[in-house]
Amino acid sequence: MNLRNLRYFVAVARHGSFQKAAPRIHLTQPALSKAIQQLEEELDATLLVRSRPGNPASLTPAGELVLRRAERLLSENAAMLDDLARLKRQPQGELRLGLPPLAGIPQVARLLQTFRARYPLVQLRLFERGGCEQEEAVLRGDIEVAICLQPQRPELDSLLICEHPLRFALPLSHPLAGRASLRPAEVADLPWIRLEGASQVNRMAADAWQQAGLVPETYADSGHLGLCLSLVAAGCGLLILPEPWLPPHSADIALVPCDDPALSWRLSLIWRRGAALSEPAERWRQLLVDENAARDGAAGVEEDSANEDN
């Protein structure tokens with residue numbers, strides 16, 4: 001069916017006559033009359049009762065039915081064209097994103113879901129590796145952007161996503177398990193169970209001990225968080241990890257905050273300084289900027305509310 005002829009018919013029905021409709025759709029009356037006649041032949045139905053020139057054209061019962069359906073059809077067609085235009089304007093390509101080994105952090109997962117919903121034409125390519133490896137991969141150009149700890153290297157730019165304290169996971173039976181917080185020097189006598197892949201966290205902890213003139217014994221290195229936690233529960237040593245990576249409750253493990261401001265897990269988006277990001281990578285970065293702004297705004301509202309209550 002010719003949508004153009006349907007559009008002409010709707011114009012005649014709305015304006016009440018061929019004479020009024022023709023100039024509004026930029027047609028001559030004979031051309032408009034011919035288009036309506038073609039539509040009636042195609043539908044095998046009379047849609048309009050013609051009258052003398054200048055008099056209103058009335059709809060037949062078939063015309064009333066076709067008018068209702070035509071208006072819906074033309075509206076759906078316009079919406080489809082708008083959707084297609086928006087789709088063509090959407091970024092395409094791929095987002096090469098590095099993630100920490102334990103990227104099951106709710107906030108990161110939610111951001112990925114939001115990004116995918118907004119930009120369905122972008123193919124996500126996720127690379128899981130430790131923070132130090134992420135930095136090297138970004139500098140080499142293997143990946144464009146990565147989520148890891150805030151970098152110290154001047155060749156990298158970063159955007160803070162969230163910040164969490166580090167926690168010591170201790171056996172529940174240890175004498176220090178009931179403390180409100182602990183300094184690294186206080187647990188230096190415990191063997192250290194290191195999670196492979198948490199390279200930046202391990203480096204921060206080692207630096208803190210080294211500055212205190214301490215070198216803790218390494219009990220074991222493991223790439224499996226569950227095994228590391230089981231070793232802690234068995235009394236083999238301690239584990240140091242960011243709060244989101246650790247289970248909130250455990251019958252055999254105490255999670256004690258680290259009392260050292262320098263030992264903070266500042267999760268950030270990193271990219272090569274001065275590099276021109278692809279459109280998918282720039283949209284990902286902008287999503288994080290918007291999330292930060294929304295979070296800061298919500299925090300400000302809560303603070304103002306608390307001040308009013310006081």
# chains A, B, ... in the order shown; residues from 1 in each chain; ligands from 1

$ select_by_dssp --residues "segment 32-70 of chain A" --states "strand (DSSP E)" --output "VMD selection string"
chain A and resid 48 to 49 58 to 59

$ write_last_selection --atoms "N, CA and C atoms" --output "mmCIF file, in the first residue's frame"
data_model
loop_
_atom_site.group_PDB
_atom_site.id
_atom_site.type_symbol
_atom_site.label_atom_id
_atom_site.label_comp_id
_atom_site.auth_asym_id
_atom_site.auth_seq_id
_atom_site.Cartn_x
_atom_site.Cartn_y
_atom_site.Cartn_z
ATOM 1 N N LEU A 48 -14.749 8.239 0.109
ATOM 2 C CA LEU A 48 -15.296 9.595 0.211
ATOM 3 C C LEU A 48 -16.508 9.744 -0.701
ATOM 4 N N VAL A 49 -17.476 10.497 -0.199
ATOM 5 C CA VAL A 49 -18.619 10.864 -1.034
ATOM 6 C C VAL A 49 -18.301 12.210 -1.636
ATOM 7 N N SER A 58 -17.578 14.040 2.421
ATOM 8 C CA SER A 58 -17.916 13.256 3.617
ATOM 9 C C SER A 58 -17.364 11.848 3.497
ATOM 10 N N LEU A 59 -17.100 11.247 4.655
ATOM 11 C CA LEU A 59 -16.546 9.898 4.702
ATOM 12 C C LEU A 59 -17.653 8.861 4.635
#

$ residues_around --residues "Asn5 of chain A" --least-positions-apart "3" --cutoff "6 Å" --atoms "only C-alpha atoms" --output "MDAnalysis selection string"
chainID A and resid 2 8 35

$ write_last_selection --atoms "N, CA, C and O atoms" --output "CSV table (one decimal), in the first residue's frame"
chain,number,residue,atom,x,y,z
A,2,ASN,N,0.5,2.2,-0.8
A,2,ASN,CA,1.2,3.5,-0.9
A,2,ASN,C,0.9,4.4,0.3
A,2,ASN,O,-0.2,4.9,0.4
A,8,TYR,N,-2.4,11.5,1.9
A,8,TYR,CA,-3.3,12.4,1.1
A,8,TYR,C,-4.7,12.2,1.6
A,8,TYR,O,-5.5,13.2,1.8
A,35,ALA,N,-5.0,10.6,-6.7
A,35,ALA,CA,-4.3,9.8,-5.7
A,35,ALA,C,-5.3,9.1,-4.8
A,35,ALA,O,-5.2,7.9,-4.5

$ residues_around --residues "Ser75 of chain A" --least-positions-apart "4" --cutoff "12 Å" --atoms "only C-alpha atoms" --output "compact mmCIF listing (two decimals) with C-alpha atoms, in the first residue's frame"
# COMPACT_ATOMS: atom_id res chain seq x y z
CA LEU A 3 1.65 5.40 2.33
CA LEU A 6 -2.89 7.25 2.67
CA ARG A 7 -1.38 10.50 3.87
CA VAL A 10 -6.03 11.68 5.84
CA ARG A 68 -8.76 5.44 12.01
CA ARG A 69 -6.33 2.78 10.84
CA ALA A 70 -4.44 5.15 8.52
CA GLU A 71 -3.78 7.63 11.33
CA ALA A 79 7.87 6.74 15.05
CA MET A 80 9.75 4.00 13.19
CA LEU A 81 11.60 6.55 11.07
CA ASP A 82 12.52 8.53 14.20

$ select_by_dssp --residues "segment 64-229 of chain A" --states "alpha helix (DSSP H)" --output "ChimeraX atom specification"
/A:64-89,106-118,131-140,199-211,225-229

$ residues_around --residues "His26 of chain A" --least-positions-apart "6" --cutoff "12 Å" --atoms "only C-alpha atoms" --output "list in words"
Tyr8, Ala11, Phe18, Gln19, Lys20 and Leu32 of chain A

$ closest_atom_pairs --of "segment 210-306 of chain A" --to "segment 122-127 of chain A" --cutoff "12 Å" --atoms "only C-alpha atoms" --output "tab-separated table"
residue	atom	partner	partner_atom	distance
A:Ser278	CA	A:Val122	CA	11.3
A:Glu279	CA	A:Val122	CA	9.7
A:Pro280	CA	A:Val122	CA	6.8
A:Ala281	CA	A:Val122	CA	9.9
A:Arg283	CA	A:Val122	CA	10.4
A:Trp284	CA	A:Val122	CA	10.6

$ write_last_selection --atoms "N, CA and C atoms" --output "JSON list (two decimals), in the first residue's frame"
[["chain", "number", "residue", "atom", "x", "y", "z"],
["A", 278, "SER", "N", 38.14, 6.60, 21.30],
["A", 278, "SER", "CA", 37.11, 6.29, 20.31],
["A", 278, "SER", "C", 35.76, 6.75, 20.87],
["A", 279, "GLU", "N", 34.75, 6.83, 20.00],
["A", 279, "GLU", "CA", 33.44, 7.28, 20.48],
["A", 279, "GLU", "C", 32.87, 6.35, 21.54],
["A", 280, "PRO", "N", 32.94, 5.01, 21.39],
["A", 280, "PRO", "CA", 32.44, 4.15, 22.47],
["A", 280, "PRO", "C", 33.17, 4.38, 23.79],
["A", 281, "ALA", "N", 34.49, 4.54, 23.74],
["A", 281, "ALA", "CA", 35.26, 4.75, 24.98],
["A", 281, "ALA", "C", 34.91, 6.10, 25.60],
["A", 283, "ARG", "N", 32.03, 7.65, 25.30],
["A", 283, "ARG", "CA", 30.68, 7.53, 25.87],
["A", 283, "ARG", "C", 30.74, 6.80, 27.21],
["A", 284, "TRP", "N", 31.61, 5.80, 27.33],
["A", 284, "TRP", "CA", 31.78, 5.09, 28.59],
["A", 284, "TRP", "C", 32.33, 6.04, 29.66]]

$ closest_residue --among "A:Ile25, A:Met1, A:Ala233, A:Ala146" --to "Gln38 of chain A" --atoms "only C-alpha atoms"
A:Met1

$ residues_around --residues "Arg285 of chain A" --least-positions-apart "6" --cutoff "10 Å" --atoms "only C-alpha atoms" --output "VMD selection string"
chain A and resid 145 158 to 159 269 to 271 277 279 291

$ closest_residue --among "A:Ser173, A:Gln210, A:Ser199, A:Ser222" --to "Ala185 of chain A" --atoms "only C-alpha atoms"
A:Gln210

$ closest_residue --among "A:His224, A:Arg167, A:Arg203, A:Arg153" --to "Val187 of chain A" --atoms "only C-alpha atoms"
A:Arg167
